[in-house]
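Below: the structure, in structure tokens.
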There are 8 protein chains.
Amino acid sequence: MDESQLRDLLSGIASGSVDVEDAVAQLRHMPFEDLDYAKVDHHRALRTGFPEVVFCEGKTSEQIIGIFRAMADRAASVILGTRADKAKFEAVREEFPEATYNEAARVIQIGAPTKDPDIGPCLVISAGTSDIPIAEEAALVAEAVGCPVGRLFDVGVAGLHRLLDHHGQLRDAEVIIVVAGMEGALASVVGGLVSQPVIAVPTSVGYGASFGGVAALLSMLNSCSNGVVVVNIDNGFGAGYFAAMLCRQIAGK
Amino acid sequence: MDESQLRDLLSGIASGSVDVEDAVAQLRHMPFEDLDYAKVDHHRALRTGFPEVVFCEGKTSEQIIGIFRAMADRAASVILGTRADKAKFEAVREEFPEATYNEAARVIQIGAPTKDPDIGPCLVISAGTSDIPIAEEAALVAEAVGCPVGRLFDVGVAGLHRLLDHHGQLRDAEVIIVVAGMEGALASVVGGLVSQPVIAVPTSVGYGASFGGVAALLSMLNSCSNGVVVVNIDNGFGAGYFAAMLCRQIAGK
Amino acid sequence: MDESQLRDLLSGIASGSVDVEDAVAQLRHMPFEDLDYAKVDHHRALRTGFPEVVFCEGKTSEQIIGIFRAMADRAASVILGTRADKAKFEAVREEFPEATYNEAARVIQIGAPTKDPDIGPCLVISAGTSDIPIAEEAALVAEAVGCPVGRLFDVGVAGLHRLLDHHGQLRDAEVIIVVAGMEGALASVVGGLVSQPVIAVPTSVGYGASFGGVAALLSMLNSCSNGVVVVNIDNGFGAGYFAAMLCRQIAGK
Amino acid sequence: MDESQLRDLLSGIASGSVDVEDAVAQLRHMPFEDLDYAKVDHHRALRTGFPEVVFCEGKTSEQIIGIFRAMADRAASVILGTRADKAKFEAVREEFPEATYNEAARVIQIGAPTKDPDIGPCLVISAGTSDIPIAEEAALVAEAVGCPVGRLFDVGVAGLHRLLDHHGQLRDAEVIIVVAGMEGALASVVGGLVSQPVIAVPTSVGYGASFGGVAALLSMLNSCSNGVVVVNIDNGFGAGYFAAMLCRQIAGK
Amino acid sequence: MDESQLRDLLSGIASGSVDVEDAVAQLRHMPFEDLDYAKVDHHRALRTGFPEVVFCEGKTSEQIIGIFRAMADRAASVILGTRADKAKFEAVREEFPEATYNEAARVIQIGAPTKDPDIGPCLVISAGTSDIPIAEEAALVAEAVGCPVGRLFDVGVAGLHRLLDHHGQLRDAEVIIVVAGMEGALASVVGGLVSQPVIAVPTSVGYGASFGGVAALLSMLNSCSNGVVVVNIDNGFGAGYFAAMLCRQIAGK
Amino acid sequence: MDESQLRDLLSGIASGSVDVEDAVAQLRHMPFEDLDYAKVDHHRALRTGFPEVVFCEGKTSEQIIGIFRAMADRAASVILGTRADKAKFEAVREEFPEATYNEAARVIQIGAPTKDPDIGPCLVISAGTSDIPIAEEAALVAEAVGCPVGRLFDVGVAGLHRLLDHHGQLRDAEVIIVVAGMEGALASVVGGLVSQPVIAVPTSVGYGASFGGVAALLSMLNSCSNGVVVVNIDNGFGAGYFAAMLCRQIAGK
Amino acid sequence: MDESQLRDLLSGIASGSVDVEDAVAQLRHMPFEDLDYAKVDHHRALRTGFPEVVFCEGKTSEQIIGIFRAMADRAASVILGTRADKAKFEAVREEFPEATYNEAARVIQIGAPTKDPDIGPCLVISAGTSDIPIAEEAALVAEAVGCPVGRLFDVGVAGLHRLLDHHGQLRDAEVIIVVAGMEGALASVVGGLVSQPVIAVPTSVGYGASFGGVAALLSMLNSCSNGVVVVNIDNGFGAGYFAAMLCRQIAGK
Amino acid sequence: MDESQLRDLLSGIASGSVDVEDAVAQLRHMPFEDLDYAKVDHHRALRTGFPEVVFCEGKTSEQIIGIFRAMADRAASVILGTRADKAKFEAVREEFPEATYNEAARVIQIGAPTKDPDIGPCLVISAGTSDIPIAEEAALVAEAVGCPVGRLFDVGVAGLHRLLDHHGQLRDAEVIIVVAGMEGALASVVGGLVSQPVIAVPTSVGYGASFGGVAALLSMLNSCSNGVVVVNIDNGFGAGYFAAMLCRQIAGK
């Protein structure tokens with residue numbers, strides 16, 4: 001409700017065309033409706049393809065199903081459950097037979113996103129094969145948001161030519177997600193090669209002084225290449241969501 | 001503005017006793033006034049003695065004086081500047097000749113708090129003499145909020161009898177602030193002796209593996225005594241503010 | 001034993017009405033009785049509702065039952081066992097059939113606290129559904145201490161309106177406990193909205209750079225809002241105990 | 001050089017229209033020119049407004065001037081020197097009298113960026129006044145890249161209404177940079193309010209358990225809001241560069 | 001072999017009473033025998049009661065039995081296996097039926113130490129019941145070294161009177177071991193009460209910000225009491241060994 | 001392809017002896033072939049004995065077998081799988097019956113390296129018996145690279161004579177690997193005794209404040225002895241590879 | 001006051017030989033006198049040579065002089081001020097012309113300790129020349145406590161023979177203090193060579209990954225040698241005090 | 001002294017050709033001479049070019065000059081002082097007018113190393129200009145050890161082509177030192193490009209989450225490239241020394 005609508009409402013009261021109690025009802029939650037102005041935008045986004053996402057870790061199957069059901073009632077076009085183990089998927093599938101499961105990425109999905117050729121693509125790169133689960137989580141989320149995704153896996157800096165062999169894919173992507181554990185150097189190398197935005201995802205892949213992904217995280221935060229931003233360790237979801245959000249924005253959607 | 005006031009306002013419009021434009025002006029910022037409902041309480045508190053407080057570290061003298069001036073214009077009864085070095089005080093005094101300065105606590109003060117015998121007292125205990133600046137900061141802030149303060153300094157656990165000699169003071173306090181660096185054990189010991197709330201302030205006093213107060217902070221967070229809560233390292237202000245807030249609440253003010 | 005009681009005792013000896021050996025027996029432990037002055041207060045508190053609490057983690061079922069039995073012999077009105085898994089509860093229930101168990105909060109309880117309408121309420125807020133076990137632990141402990149508790153769960157800052165929708169509950173609470181993992185921002189937001197004391201409980205909910213609750217802990221310790229104090233990660237017990245202690249003190253009990 | 005150009009060149013040799021030595025000269029560095037394909041894009045970007053940026057910390061005035069001179073020779077439209085103290089600026093100005101200096105942001109600038117109304121705006125928000133230097137660095141860099149910038153400073157979560165009062169600015173920005181020290185909660189709150197990309201910059205503002213910005217960094221990495229990415233502590237440059245890069249990309253430039 | 005023995009040996013050669021080859025044989029390993037001078041002392045100590053100790057964690061049952069057998073062949077009077085789980089004990093007992101096992105302390109023992117009333121006693125104090133396994137490990141090791149041990153368990157600072165009730169035991173001990181997890185304050189409190197050496201053992205008992213014993217470790221390293229030294233987290237063995245070594249030295253053995 | 005080869009190729013086109021399309025085909029990937037110059041060296045090294053190594057942790061048996069098969073197709077003389085548990089070995093052996101397994105080192109090996117008496121030896125020293133798995137991994141890798149290896153296990157500094165007894169082995173090695181957990185002092189001691197390069201491998205052996213190998217890692221990084229370099233915690237592979245690479249280089253192979 | 005004295009006092013009252021008020025006065029502070037039983041021992045120790053020690057860091061010259069004056073009034077035989085810079089010494093000397101100053105160790109001393117040939121000696125070993133200030137602090141404190149001290153400086157493990165050349169000193173010491181920065185390996189090496197108690201003092205000498213002494217601290221806490229205990233980083237005072245306390249106890253004083 | 005020499009000596013005594021006292025004198029220090037066997041090698045190395053090196057940080061000018069004088073007396077061909085500020089150099093030059101000083105590297109040098117064309121070269125690569133001081137320290141030390149050094153500075157991964165442009169230098173080096181701060185990715189990239197040993201030196205260049213070089217250190221320890229070893233943060237000396245030691249060994253010197 002903006003100021004002119006407010007003025008209309010009050011004028012309606014003054015003229016007797018609006019009942020006081022009706023106006024109270026409308027105004028009572030105005031602060032929050034107003035606060036929600038962004039949420040309205042967000043809701044618009046949802047209607048055009050943003051998925052509803054449930055972080056399943058630490059929730060019971062019952063809780064997950066309950067939330068999915070509420071989302072389905074709101075007619076969400078795509079519902080994702082991230083960090084879901086197989087047992088939770090099995091439970092969900094009993095209620096939602098159409099649900100699918102990507103075991104590597106640990107993602108439950110209900111509903112297929114609309115594919116819009118004007119959006120993206122974004123490119124998801126992983127340094128090693130062990131980083132693929134997180135890379136795949138990022139890719140699935142970006143696709144669920146409606147953004148086509150290219151995948152380029154196992155192209156770490158120990159064999160730089162593997163990356164350079166795919167310069168076409170690098171060039172054509174609008175946004176690039178780099179998923180890497182161990183020393184995470186791939187983010188800087190990609191950032192130095194391209195002029196598009198790079199979203200770096202440190203993973204917990206490694207041992208010893210990788211400290212569960214801290215080495216990769218610090219490496220990425222300190223990247224000497226411009227245009228590199230970072231999300232939490234193993235946060236494939238966050239990177240995929242952000243990348244797709246950018247691609248949609250670039251496409252003007 | 002609560003719901004009944006809103007209804008009155010709208011009824012006023014309906015009856016013609018309130019002008020639409022006046023109502024728009026009142027309602028335009030309603031969300032934030034409403035959001036501010038707590039702030040109104042807070043403002044009431046301020047009128048009855050809560051000080052305006054400026055964290056001076058990292059602000060220029062010009063910025064500090066500007067903020068003080070704005071506060072004075074709002075007729076704040078007491079204005080505090082914490083973590084202010086002497087040069088900043090000198091600059092402030094040129095504009096506010098009535099300003100006083102506690103060099104140990106690095107606190108600038110303008111205006112005297114009202115003293116209310118029904119409130120408190122709270123007791124500020126320090127483990128060592130090096131902890132006194134933070135302890136004094138806590139005490140000054142609590143006094144500025146209008147809560148009488150007892151001080152009991154240099155009673156660390158290396159000589160427990162020094163603490164036990166003052167059991168009367170311990171017994172009579174409504175809230176106790178324990179300020180300690182090094183291993184911070186005093187908070188647990190006091191917490192084990194009394195049944196009042198204890199607010200523990202770790203200080204950066206120490207060297208080597210005290211890691212700038214981390215040892216004391218962890219010690220206090222892990223206290224085996226019930227009724228001990230913790231604030232940031234060297235946060236005398238936060239402890240004094242919280243303690244005085246409690247004492248006022250206990251006194252029903 | 002205070003000074004006048006001491007004088008009476010000694011006068012009794014002088015007048016022959018007290019036997020020397022009886023006086024020795026009374027005085028022998030005087031230091032500790034005296035030290036215990038606070039404990040006497042504490043005992044008084046216990047009689048009026050403070051629970052006996054056993055931290056069950058790292059204790060065998062036998063040890064827990066033994067301690068419970070000793071407490072029951074002292075006629076404790078309420079006995080709590082925190083951080084107890086279900087197997088320990090089963091073992092306890094064989095001895096204490098009246099024992100109840102809150103599985104989410106992992107709390108065993110024997111006896112019902114007296115409910116005193118003059119006390120509190122305190123309000124327990126959780127940021128996410130995964131924080132509920134710790135929030136529930138805090139609530140159960142506060143209730144066991146005799147303080148009515150409101151619950152407001154899953155109102156994290158990612159959807160601020162969820163919190164603002166409940167401003168009535170925020171306004172009516174005397175003390176507010178904020179339970180949050182991940183970035184723990186809710187504590188600062190609540191602290192900025194209200195003028196009551198806020199007790200922040202960081203939880204280990206999160207992954208990657210949450211470092212088992214460290215991110216939330218640091219966030220809360222560095223809160224830019226006044227009136228926020230902190231307890232250990234996942235220490236629902238400590239927050240509930242402290243909050244109820246405050247509410248009782250405010251109620252003058 | 002792409003494949004068709006290569007084919008043309010070789011055909012030119014075959015037909016005698018291209019000299020072998022000329023072709024050797026062209027091909028000699030082909031790998032790196034090819035590698036540079038992205039750099040060519042980047043160079044194009046530079047011609048249309050991307051600045052040349054020198055990180056001045058840890059470089060001597062002589063080194064800085066030398067690099068500036070080389071950039072000027074390449075006819076860079078805008079040259080920035082970040083993290084430059086005043087003495088270095090004085091030295092630079094002797095050689096480049098047109099250089100200007102933003103003391104708060106510690107940025108030297110030569111040349112004015114072209115202003116393109118089709119780009120952006122991005123919005124730079126700071127939580128406190130002490131965060132302004134980093135926020136201003138971000139804003140200056142984004143402007144130097146050719147992106148209009150809105151500024152909204154000192155709107156931390158301790159007084160949420162200050163932020164909400166400016167919802168228009170929040171709504172109109174294409175990208176939002178949030179600069180915050182201490183607990184860094186503002187990033188999550190803004191991320192929860194808007195649907196645009198949020199770039200979070202933790203600052204080293206704070207004391208004690210802020211650990212030089214680590215508290216804010218961890219808070220931002222663990223944000224419960226979607227659409228939040230993070231750069232290094234105090235890295236205003238990186239955030240401004242990334243934000244402007246996005247805005248240009250959204251504008252199709 | 002000291003210089004006079006060397007001179008005798010060489011004179012023996014000069015006089016023909018010692019064969020050159022015999023002397024070569026004696027001198028060949030002299031460096032190591034000499035290096036071993038301390039070991040000889042050590043061996044003497046062993047003969048008079050120092051146990052042979054095997055750290056069993058990370059060794060297979062076969063390896064442990066092999067080492068025990070070698071020790072038995074050297075006629076060690078007492079053999080200890082620390083950090084041994086029950087399965088390893090079962091395996092050991094098949095070979096050494098006389099072996100005993102303390103399950104709490106996870107210590108296997110073969111042979112009974114001689115008890116010498118002139119030595120010690122040392123006193124082992126634990127803060128909580130959960131610290132008892134480490135405390136018991138310390139006690140068993142000290143006893144195995146031949147030093148009588150007093151035990152005083154569950155006397156943490158949350159109830160200081162529990163400790164003070166046993167001042168006699170404190171006074172009579174020659175060396176005191178304090179075993180505490182959580183905030184580890186007991187070490188400082190005991191160190192402040194007594195004038196004997198205190199050996200502090202931090203334990204990993206606790207949760208959240210205890211960080212596996214780091215809180216207690218830092219607390220003990222930063223003790224404000226004189227006469228407190230520290231061993232590794234959960235290193236009951238090291239404390240018991242050191243304490244018994246001191247008591248023997250004090251007794252002149 | 002170097003410049004003279006490039007000139008020849010282009011001259012061939014000019015003279016008509018080389019077809020344009022053939023030249024395009026050759027030049028198309030030139031950058032990467034050129035980049036690969038080092039890889040060619042590397043391939044040469046492989047032909048003369050460098051093994052192909054697969055890090056098996058975090059890969060499925062299927063993935064491992066697939067990679068092994070590809071390597072076998074390239075006729076790798078030796079294939080190693082490191083950090084492989086027994087189940088993975090069982091799976092591999094079904095496909096490669098000639099595969100062998102070192103259980104302590106968790107290494108799968110296919111093919112026997114050629115033994116060249118002109119190379120090495122390198123010496124692998126371990127501080128304790130618990131460090132042997134990592135030491136053995138280093139030794140197996142060095143042997144697979146074609147470098148003879150001496151082993152000297154359980155010679156930690158607690159009994160220095162055990163090390164000194166083997167000075168012959170120390171003297172004869174060309175490169176020395178020191179594998180140690182706990183405090184890692186052995187690396188400095190060996191580095192102080194010898195003049196050959198020492199490669200230090202911290203292990204995660206230890207407990208409490210060893211922090212999973214951090215204590216040993218820091219100890220080795222801060223060695224006061226010259227000629228000591230360090231690899232990641234538990235990185236026996238890296239040390240063995242580096243040592244063998246050095247020995248081959250010294251032997252001119 | 002022990003139990004028999006208490007009985008005498010009460011009997012005196014019963015018999016009329018003691019006045020009730022006199023008895024009250026005597027008993028009023030009994031708890032703390034009793035608590036002080038250890039302090040009495042301590043006072044005895046002080047009379048026979050234990051120094052009064054003031055930690056000067058973080059205290060003003062005025063505070064230091066005030067404390068020294070109070071100590072002198074109590075007729076302390078030796079007064080030490082540790083961590084005192086030269087300016088503080090100059091100030092102290094104006095009041096106490098007999099004060100001396102050890103600049104390396106930053107120790108002010110008033111009064112000469114009595115030298116008792118029956119005590120000690122203890123031996124202070126430093127790894128490098130940069131560790132000497134802390135080593136010297138330890139030595140001065142031990143001497144002030146009345147324990148003869150041997151010094152053996154710059155004998156780090158990079159040149160082990162330097163240590164072994166002095167095996168006589170090692171053998172003759174009753175207690176050994178090892179002061180080492182960087183990797184701190186010397187503590188383990190000495191602990192492995194001798195059978196006496198070793199007190200390890202990590203120093204902040206080093207750079208990079210020494211992290212201000214953390215590397216040495218962790219190294220010492222994880223020592224694989226028996227009989228090694230640790231004090232805080234740079235805590236020469238604590239080690240010297242503890243060592244001298246042991247030597248006096250061994251000497252039966 | 002080896003066994004045959006020992007036998008000769010003893011036979012000399014037996015035959016009367018050697019005096020007992022002379023033999024005692026020779027044998028008295030035998031252990032340490034023997035221990036020193038490696039040192040003899042080392043001495044040989046020194047005579048052929050290994051420099052004497054003094055770490056000047058934390059030593060007074062007097063101490064440094066004293067050590068230099070002792071070295072000069074031993075006729076050291078080259079003396080280096082590392083981490084020496086200019087004031088210390090000035091003091092040294094008064095005594096040693098031939099001393100030279102590299103201000104960037106903070107290295108004092110006396111005497112010129114012999115240049116041996118058969119050795120090396122090693123190549124020192126730096127990522128940025130701010131890393132040059134440490135890179136230069138490494139280069140100077142390697143040269144002082146007698147190993148020719150190539151330098152390749154400012155070739156970080158943000159502009160990979162800068163590195164690839166110099167593949168000739170990469171190919172020709174026998175050992176490569178990579179000096180990099182910030183995220184330290186250059187070490188992995190170089191390690192992936194070459195087949196020679198790579199010694200990685202993390203530097204403290206960076207800010208925020210570089211944590212004084214920790215980010216680069218962890219990055220290098222976790223390198224996914226084979227053949228990379230690591231030294232302490234900013235330890236140019238250690239890398240240069242190790243690299244030159246390898247080059248000499250490869251050259252058979």
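Note on naming: chains are A, B, ... as they come in the structure tokens, residues start from 1 per chain, ligands start from 1 in the order shown.
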What are the residues of chain H that have an atom within 7 Å of an atom of chain E, counting only C-alpha atoms, as a list in words?
Arg7, Leu10, Ser11, Ile13, Ala14, Gly16, Val20, Val24 and Pro31 of chain H
List the neighbours of stretch 188-192 of chain C out to 6 Å using only C-alpha atoms; skip same-chain residues closer than 6 positions along the sequence, and give me the result as a VMD selection string.
(chain C and resid 223 225) or (chain D and resid 157 to 159)
Report the residues of stretch 61-183 of chain B whose backbone DSSP state falls under strand (DSSP E or B), written as a PyMOL selection string.
chain B and resi 79-82+100-102+107-110+122-126+149-152+175-180
If DSSP is run on the backbone, what residues of stretch 10-236 of chain H are helix (DSSP H, G or I)? A reply as a VMD selection string would be ideal.
chain H and resid 10 to 15 20 to 28 30 to 35 37 to 47 61 to 73 86 to 95 129 to 144 157 to 164 167 to 172 185 to 193 208 to 221 236
For the selection just defined, write its residues with C-alpha atoms to a file, as a JSON list (two decimals), in the first residue's frame.
```
[["chain", "number", "residue", "atom", "x", "y", "z"],
["H", 10, "LEU", "CA", 94.07, -47.95, 20.67],
["H", 11, "SER", "CA", 96.72, -50.05, 18.97],
["H", 12, "GLY", "CA", 98.98, -47.03, 19.19],
["H", 13, "ILE", "CA", 98.44, -46.99, 22.93],
["H", 14, "ALA", "CA", 99.04, -50.69, 23.16],
["H", 15, "SER", "CA", 102.28, -50.28, 21.20],
["H", 20, "VAL", "CA", 97.38, -42.18, 27.24],
["H", 21, "GLU", "CA", 96.66, -38.54, 27.97],
["H", 22, "ASP", "CA", 96.72, -37.67, 24.27],
["H", 23, "ALA", "CA", 94.28, -40.49, 23.65],
["H", 24, "VAL", "CA", 92.03, -39.29, 26.47],
["H", 25, "ALA", "CA", 92.03, -35.83, 24.94],
["H", 26, "GLN", "CA", 91.09, -37.26, 21.58],
["H", 27, "LEU", "CA", 88.45, -39.58, 22.92],
["H", 28, "ARG", "CA", 86.93, -37.26, 25.46],
["H", 30, "MET", "CA", 84.43, -38.49, 20.64],
["H", 31, "PRO", "CA", 80.73, -38.91, 21.15],
["H", 32, "PHE", "CA", 80.10, -35.45, 19.94],
["H", 33, "GLU", "CA", 82.61, -35.66, 17.15],
["H", 34, "ASP", "CA", 80.89, -38.81, 16.19],
["H", 35, "LEU", "CA", 77.50, -37.28, 16.58],
["H", 37, "TYR", "CA", 79.68, -36.93, 11.58],
["H", 38, "ALA", "CA", 76.96, -35.17, 9.68],
["H", 39, "LYS", "CA", 78.36, -31.87, 10.79],
["H", 40, "VAL", "CA", 81.65, -32.84, 9.22],
["H", 41, "ASP", "CA", 79.82, -33.30, 5.98],
["H", 42, "HIS", "CA", 78.19, -30.04, 6.70],
["H", 43, "HIS", "CA", 81.54, -28.42, 7.33],
["H", 44, "ARG", "CA", 82.76, -29.75, 4.07],
["H", 45, "ALA", "CA", 79.73, -28.23, 2.43],
["H", 46, "LEU", "CA", 80.48, -24.97, 4.18],
["H", 47, "ARG", "CA", 84.03, -24.95, 2.89],
["H", 61, "SER", "CA", 73.62, -5.21, 16.99],
["H", 62, "GLU", "CA", 76.27, -6.15, 19.52],
["H", 63, "GLN", "CA", 75.20, -9.78, 19.47],
["H", 64, "ILE", "CA", 75.12, -9.85, 15.68],
["H", 65, "ILE", "CA", 78.58, -8.31, 15.34],
["H", 66, "GLY", "CA", 79.93, -10.74, 17.91],
["H", 67, "ILE", "CA", 78.58, -13.72, 16.01],
["H", 68, "PHE", "CA", 79.83, -12.34, 12.68],
["H", 69, "ARG", "CA", 83.28, -11.86, 14.21],
["H", 70, "ALA", "CA", 83.36, -15.44, 15.42],
["H", 71, "MET", "CA", 82.35, -16.64, 11.99],
["H", 72, "ALA", "CA", 84.96, -14.52, 10.30],
["H", 73, "ASP", "CA", 87.53, -16.05, 12.64],
["H", 86, "LYS", "CA", 69.05, -0.96, 8.22],
["H", 87, "ALA", "CA", 70.26, 0.21, 11.64],
["H", 88, "LYS", "CA", 71.74, -3.19, 12.31],
["H", 89, "PHE", "CA", 73.44, -3.14, 8.94],
["H", 90, "GLU", "CA", 74.93, 0.26, 9.70],
["H", 91, "ALA", "CA", 76.32, -1.10, 12.94],
["H", 92, "VAL", "CA", 77.71, -4.18, 11.22],
["H", 93, "ARG", "CA", 79.34, -2.10, 8.49],
["H", 94, "GLU", "CA", 81.35, -0.16, 11.03],
["H", 95, "GLU", "CA", 83.10, -3.40, 11.91],
["H", 129, "THR", "CA", 55.33, -7.18, -6.22],
["H", 130, "SER", "CA", 54.63, -7.17, -2.50],
["H", 131, "ASP", "CA", 56.07, -10.68, -2.26],
["H", 132, "ILE", "CA", 59.40, -9.56, -3.71],
["H", 133, "PRO", "CA", 61.19, -8.99, -0.37],
["H", 134, "ILE", "CA", 60.70, -12.62, 0.62],
["H", 135, "ALA", "CA", 61.46, -13.81, -2.91],
["H", 136, "GLU", "CA", 64.63, -11.77, -2.93],
["H", 137, "GLU", "CA", 65.64, -13.18, 0.46],
["H", 138, "ALA", "CA", 65.26, -16.68, -0.99],
["H", 139, "ALA", "CA", 67.27, -15.75, -4.06],
["H", 140, "LEU", "CA", 70.10, -14.14, -2.11],
["H", 141, "VAL", "CA", 70.39, -17.11, 0.22],
["H", 142, "ALA", "CA", 70.45, -19.58, -2.67],
["H", 143, "GLU", "CA", 73.12, -17.53, -4.38],
["H", 144, "ALA", "CA", 75.11, -17.35, -1.18],
["H", 157, "VAL", "CA", 47.40, -16.36, -11.36],
["H", 158, "ALA", "CA", 45.17, -13.31, -11.88],
["H", 159, "GLY", "CA", 47.03, -12.98, -15.19],
["H", 160, "LEU", "CA", 48.13, -16.47, -16.02],
["H", 161, "HIS", "CA", 49.64, -15.49, -19.36],
["H", 162, "ARG", "CA", 52.38, -13.59, -17.52],
["H", 163, "LEU", "CA", 53.56, -16.92, -16.15],
["H", 164, "LEU", "CA", 53.07, -18.88, -19.37],
["H", 167, "HIS", "CA", 57.81, -21.23, -19.94],
["H", 168, "GLY", "CA", 61.43, -21.39, -21.00],
["H", 169, "GLN", "CA", 62.59, -20.28, -17.57],
["H", 170, "LEU", "CA", 60.23, -22.75, -15.95],
["H", 171, "ARG", "CA", 61.58, -25.57, -18.09],
["H", 172, "ASP", "CA", 65.22, -24.80, -17.50],
["H", 185, "ALA", "CA", 47.32, -20.42, -5.72],
["H", 186, "LEU", "CA", 50.44, -19.88, -7.77],
["H", 187, "ALA", "CA", 52.19, -22.80, -6.06],
["H", 188, "SER", "CA", 49.55, -25.26, -7.23],
["H", 189, "VAL", "CA", 49.48, -23.81, -10.73],
["H", 190, "VAL", "CA", 53.26, -24.00, -11.10],
["H", 191, "GLY", "CA", 53.24, -27.46, -9.54],
["H", 192, "GLY", "CA", 50.71, -28.53, -12.16],
["H", 193, "LEU", "CA", 52.78, -27.12, -15.03],
["H", 208, "GLY", "CA", 41.54, -9.60, 6.37],
["H", 209, "ALA", "CA", 41.04, -13.33, 6.09],
["H", 210, "SER", "CA", 44.60, -13.87, 4.90],
["H", 211, "PHE", "CA", 45.35, -13.97, 8.64],
["H", 212, "GLY", "CA", 48.97, -12.99, 8.22],
["H", 213, "GLY", "CA", 49.75, -15.66, 5.66],
["H", 214, "VAL", "CA", 47.65, -18.51, 7.00],
["H", 215, "ALA", "CA", 45.44, -18.56, 3.90],
["H", 216, "ALA", "CA", 48.44, -18.97, 1.63],
["H", 217, "LEU", "CA", 50.04, -21.51, 3.97],
["H", 218, "LEU", "CA", 46.95, -23.71, 4.05],
["H", 219, "SER", "CA", 46.50, -23.37, 0.32],
["H", 220, "MET", "CA", 50.03, -24.58, -0.30],
["H", 221, "LEU", "CA", 49.82, -27.45, 2.20],
["H", 236, "GLY", "CA", 62.47, -17.02, 2.19]]
```
Interatomic distance, atom CA of D:Gly206 to atom CA of B:Val231 (Å, one decimal)
13.5 Å
Mind checking which residues fall within 12 Å of B:Lys115, counting only C-alpha atoms, ignoring those fewer than 2 positions away in the same chain, and posting them as a PyMOL selection string?
chain B and resi 48-50+112-113+117-121+142-149+248
At a cut-off of 8 Å, using only C-alpha atoms, what residues contact B:Val107? Leave out same-chain residues fewer than 3 positions from it and give the result as a PDB file with C-alpha atoms, in the first residue's frame.
```
ATOM      1  CA  LEU B  80      28.172   9.021  27.668  1.00  0.00           C
ATOM      2  CA  GLY B  81      31.078   8.594  25.293  1.00  0.00           C
ATOM      3  CA  THR B  82      32.819   5.258  25.811  1.00  0.00           C
ATOM      4  CA  ARG B  83      36.302   4.201  24.618  1.00  0.00           C
ATOM      5  CA  ALA B  84      37.275   7.829  24.215  1.00  0.00           C
ATOM      6  CA  TYR B 101      36.282  12.374  31.904  1.00  0.00           C
ATOM      7  CA  ASN B 102      37.208   9.171  33.683  1.00  0.00           C
ATOM      8  CA  GLU B 103      40.647   8.423  32.339  1.00  0.00           C
ATOM      9  CA  GLU B 137      33.509   1.485  32.572  1.00  0.00           C
ATOM     10  CA  LEU B 140      30.033   4.334  35.250  1.00  0.00           C
TER      11      LEU B 140
END
```
